[in-house]
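Enquirer: Would you mind keeping the following structure in view while I ask a few things?
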Amino acid sequence: MKLLVVGCGQCGGRIADQFSKLNRVARVQRGVEVATNVIAVNSDVTDLSGLEHIRADYQHRILIGTQKTSGHGVGKINEMGAEIARDDGDKVIEAIKNTPRYADTDAFLLIAGAAGGTGSGSISVLSQQIKERFPDKPVYNMLVLPFAYEEATEERSIFNVGICLKSCYLVADAIFLVDNQRFIKTNHSLRANLDKINYHMVKPFYNLLCAGEEKNSKYVGSKVMDGGDIIQTLSGWTVIGFGQTKMPNLRFNRNADFREQSSEMRKGAEAINTALADLSLRCNPTDAKRGLYLLTASQADMSMELINEMSGALKGMATEATIRTGDYPRGDKTLDVTVVLSELVNSSRVMDYFSKTIGYINNSRRRQSGLEYGFRGVEESFKDIPSLL
């Protein structure tokens with residue numbers, strides 16, 4: 001599957017930068033392309049200058065809103081981020097149209113930090129513009145939720161997240177939710193943490209995108225996980241995870257001891273459990289209506305028994321989901337599993353942000369006018385959360 005990636009704001013741009021690196025790695029290691037283009041969009045010149053892998057020309061690092069920000073960002077005011085995206089969105093559309101291999105694009109992926117200004121404000125507006133101009137391809141979002149310290153020290157962050165989540169939900173075909181806090185290492189420097197976090201956000205996509213683009217018949221799976229399978233799986237709130245387990249120096253054979261065979265089977269369930277434990281956002285798998293997993297391992301380490309064991313393990317946890325499966329015979333001594341759970345009908349984290357956003361709005365109203373606004377429940381009050389669209 002080939003994505004056209006657009007990073008919005010500082011956070012989105014840095015993650016898009018990792019996707020640009022991922023595409024180069026796929027080209028070198030596997031001879032395939034997983035991105036037709038990678039673009040960074042920002043209102044801050046310095047943020048764009050700090051990228052390492054995205055091409056540095058004006059059609060790949062796109063500066064927007066210069067008349068309003070003079071190239072210095074929007075200061076976490078995501079309403080302004082939305083406004084400048086409406087004004088300058090044609091720059092992004094033009095860059096997409098000029099993509100040499102645009103016809104090979106299977107889907108768009110727009111990325112942003114949900115708590116920021118430019119990214120949080122622009123992602124839904126740009127998603128809507130892209131859907132209107134290129135209606136034949138799905139548009140996905142990846143929203144990165146803030147660190148705990150950001151929520152604790154900046155009340156505005158909660159408000160930004162709430163209206164960003166709502167705005168993206170109204171326009172995107174699916175939204176990957178990523179929790180920054182899940183990947184943080186307390187003994188690492190800030191820069192090392194951010195680099196590592198961005199890497200972990202992109203890593204689960206590698207095998208998933210490569211599998212359907214494989215050109216070497218030796219590495220084409222018996223059941224290929226192609227773009228169509230992924231597109232049919234992705235809908236609404238979505239999470240992704242990656243698990244890996246080492247394989248012992250044994251291979252499947254009809255003369256294997258039953259204890260050895262049983263141990264091999266457990267490796268599959270272990271990898272599934274590791275992927276679920278490492279999901280981009282903690283959730284209840286029973287809330288998913290759709291899901292998939294991709295097994296990546298050497299051909300010698302795959303068997304129907306292993307696939308059946310893994311399918312049973314995932315279905316046993318995501319009991320309400322329609323599960324798609326695929327195998328990718330790449331690798332040597334490890335068994336890698338990519339898991340996607342989608343169409344999550346109830347995300348407690350999302351609902352919590354909606355509740356807090358409503359509380360922020362009510363407190364602001366009380367401060368401004370002294371009026372009391374009773375809490376009416378998240379479902380009823382959803383309409384009170386403004387949209388950026």
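Lettering and numbering for the structure tokens are positional, with chains as A, B, ... in the shown order, residues counted from 1 in each chain, and ligands counted from 1 in the shown order.
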Which residues come within 9 Å of A:Arg349, counting only C-alpha atoms, excluding same-chain residues fewer than 4 positions away, as a count of residues only?

Expert: 5

Enquirer: Excluding A:Ile385 and any residue of its chain fewer than 5 positions from it, enumerate the residues within 8 Å of it, using only C-alpha atoms, and give them as a PyMOL selection string.

Expert: chain A and resi 162-163+166+354+357-358

Enquirer: In terms of the shortest atom-to-atom distance over only C-alpha atoms, which of A:Gln129, A:Thr334, A:Ser280, A:Asn141 is closest to A:Val5?

Expert: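 Ranking A:Gln129, A:Thr334, A:Ser280, A:Asn141 by distance to A:Val5, first place goes to A:Asn141.
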
Enquirer: Step one, run DSSP on the backbone; step two, keep only residues of stretch 98-143 of chain A assigned to alpha helix (DSSP H); then write them as a list of chain:residue names.

Expert: A:Thr118, A:Gly119, A:Ser120, A:Gly121, A:Ser122, A:Ile123, A:Ser124, A:Val125, A:Leu126, A:Ser127, A:Gln128, A:Gln129, A:Ile130, A:Lys131, A:Glu132, A:Arg133

Enquirer: For the residues in the current selection, export C-alpha atoms as a tab-separated table (two decimals), in the first residue's frame.

Expert:
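Dumped everything to result.tsv:
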```
chain	number	residue	atom	x	y	z
A	118	THR	CA	-1.00	24.79	13.41
A	119	GLY	CA	-1.27	21.00	13.22
A	120	SER	CA	-4.33	20.68	15.44
A	121	GLY	CA	-6.11	23.42	13.54
A	122	SER	CA	-5.10	22.60	9.98
A	123	ILE	CA	-5.41	18.82	9.80
A	124	SER	CA	-9.20	18.63	9.55
A	125	VAL	CA	-9.40	21.57	7.14
A	126	LEU	CA	-6.73	20.11	4.85
A	127	SER	CA	-8.38	16.68	5.08
A	128	GLN	CA	-11.65	18.18	3.92
A	129	GLN	CA	-9.98	20.05	1.05
A	130	ILE	CA	-8.17	16.91	-0.06
A	131	LYS	CA	-11.36	14.84	0.06
A	132	GLU	CA	-13.15	17.40	-2.09
A	133	ARG	CA	-10.35	17.60	-4.68
```

Enquirer: Which residues of stretch 81-169 of chain A sit at most 10 Å from stretch 222-245 of chain A, using only C-alpha atoms? Give each one's shortest atom pair and distance in Å (one decimal place), in chain and ascending residue order, as a Markdown table.

Expert:
```
| residue | atom | partner | partner_atom | distance |
| --- | --- | --- | --- | --- |
| A:Asp106 | CA | A:Gly227 | CA | 7.0 |
| A:Ala107 | CA | A:Ile231 | CA | 8.3 |
| A:Lys137 | CA | A:Ile231 | CA | 9.7 |
| A:Pro138 | CA | A:Ile231 | CA | 7.7 |
| A:Tyr140 | CA | A:Leu234 | CA | 8.5 |
| A:Asn141 | CA | A:Thr238 | CA | 9.7 |
| A:Met142 | CA | A:Thr238 | CA | 9.1 |
| A:Leu165 | CA | A:Trp237 | CA | 9.8 |
| A:Cys168 | CA | A:Gly236 | CA | 9.7 |
| A:Tyr169 | CA | A:Gly236 | CA | 7.0 |
```

Enquirer: If you keep N, CA, C and O atoms, can you produce a file of those selected residues as an mmCIF file, in the first residue's frame?

Expert:
```cif
data_model
loop_
_atom_site.group_PDB
_atom_site.id
_atom_site.type_symbol
_atom_site.label_atom_id
_atom_site.label_comp_id
_atom_site.auth_asym_id
_atom_site.auth_seq_id
_atom_site.Cartn_x
_atom_site.Cartn_y
_atom_site.Cartn_z
ATOM 1 N N ASP A 106 -2.577 5.057 -2.885
ATOM 2 C CA ASP A 106 -3.764 4.311 -2.448
ATOM 3 C C ASP A 106 -4.597 5.097 -1.444
ATOM 4 O O ASP A 106 -5.817 4.929 -1.382
ATOM 5 N N ALA A 107 -3.939 5.937 -0.639
ATOM 6 C CA ALA A 107 -4.662 6.685 0.393
ATOM 7 C C ALA A 107 -3.789 7.835 0.869
ATOM 8 O O ALA A 107 -2.566 7.842 0.690
ATOM 9 N N LYS A 137 -9.902 8.603 -3.311
ATOM 10 C CA LYS A 137 -8.989 7.943 -2.382
ATOM 11 C C LYS A 137 -9.364 8.261 -0.934
ATOM 12 O O LYS A 137 -9.740 9.394 -0.629
ATOM 13 N N PRO A 138 -9.260 7.269 -0.036
ATOM 14 C CA PRO A 138 -9.581 7.532 1.372
ATOM 15 C C PRO A 138 -8.580 8.479 2.012
ATOM 16 O O PRO A 138 -7.411 8.535 1.606
ATOM 17 N N TYR A 140 -7.011 9.381 5.684
ATOM 18 C CA TYR A 140 -6.834 8.962 7.072
ATOM 19 C C TYR A 140 -6.081 10.041 7.847
ATOM 20 O O TYR A 140 -5.293 10.796 7.275
ATOM 21 N N ASN A 141 -6.336 10.112 9.134
ATOM 22 C CA ASN A 141 -5.619 11.015 10.031
ATOM 23 C C ASN A 141 -4.869 10.208 11.081
ATOM 24 O O ASN A 141 -5.302 9.120 11.465
ATOM 25 N N MET A 142 -3.750 10.734 11.523
ATOM 26 C CA MET A 142 -3.068 10.231 12.719
ATOM 27 C C MET A 142 -2.982 11.393 13.696
ATOM 28 O O MET A 142 -2.369 12.410 13.401
ATOM 29 N N LEU A 165 -10.237 16.423 17.765
ATOM 30 C CA LEU A 165 -10.819 15.084 17.658
ATOM 31 C C LEU A 165 -12.178 15.138 16.967
ATOM 32 O O LEU A 165 -12.467 14.343 16.068
ATOM 33 N N CYS A 168 -11.801 16.164 13.120
ATOM 34 C CA CYS A 168 -11.258 15.077 12.295
ATOM 35 C C CYS A 168 -12.263 13.942 12.142
ATOM 36 O O CYS A 168 -12.377 13.339 11.071
ATOM 37 N N TYR A 169 -12.995 13.649 13.211
ATOM 38 C CA TYR A 169 -13.994 12.581 13.154
ATOM 39 C C TYR A 169 -15.066 12.890 12.116
ATOM 40 O O TYR A 169 -15.606 11.987 11.479
#
```

Enquirer: Have a look at A:Phe108, A:Lys91, A:Met80, A:Val337 and name the one nearest to A:Asn37; count only C-alpha atoms.

Expert: A:Phe108

Enquirer: Which residue gives the smallest distance to A:Asp287 among A:Tyr360, A:Ser342, A:Ile272, A:Thr99, with only C-alpha atoms counted?

Expert: A:Ser342

Enquirer: Which of these residues is nearest to A:Arg324, using only C-alpha atoms: A:Thr66, A:Asn207, A:Gln299, A:Thr338?

Expert: A:Thr338
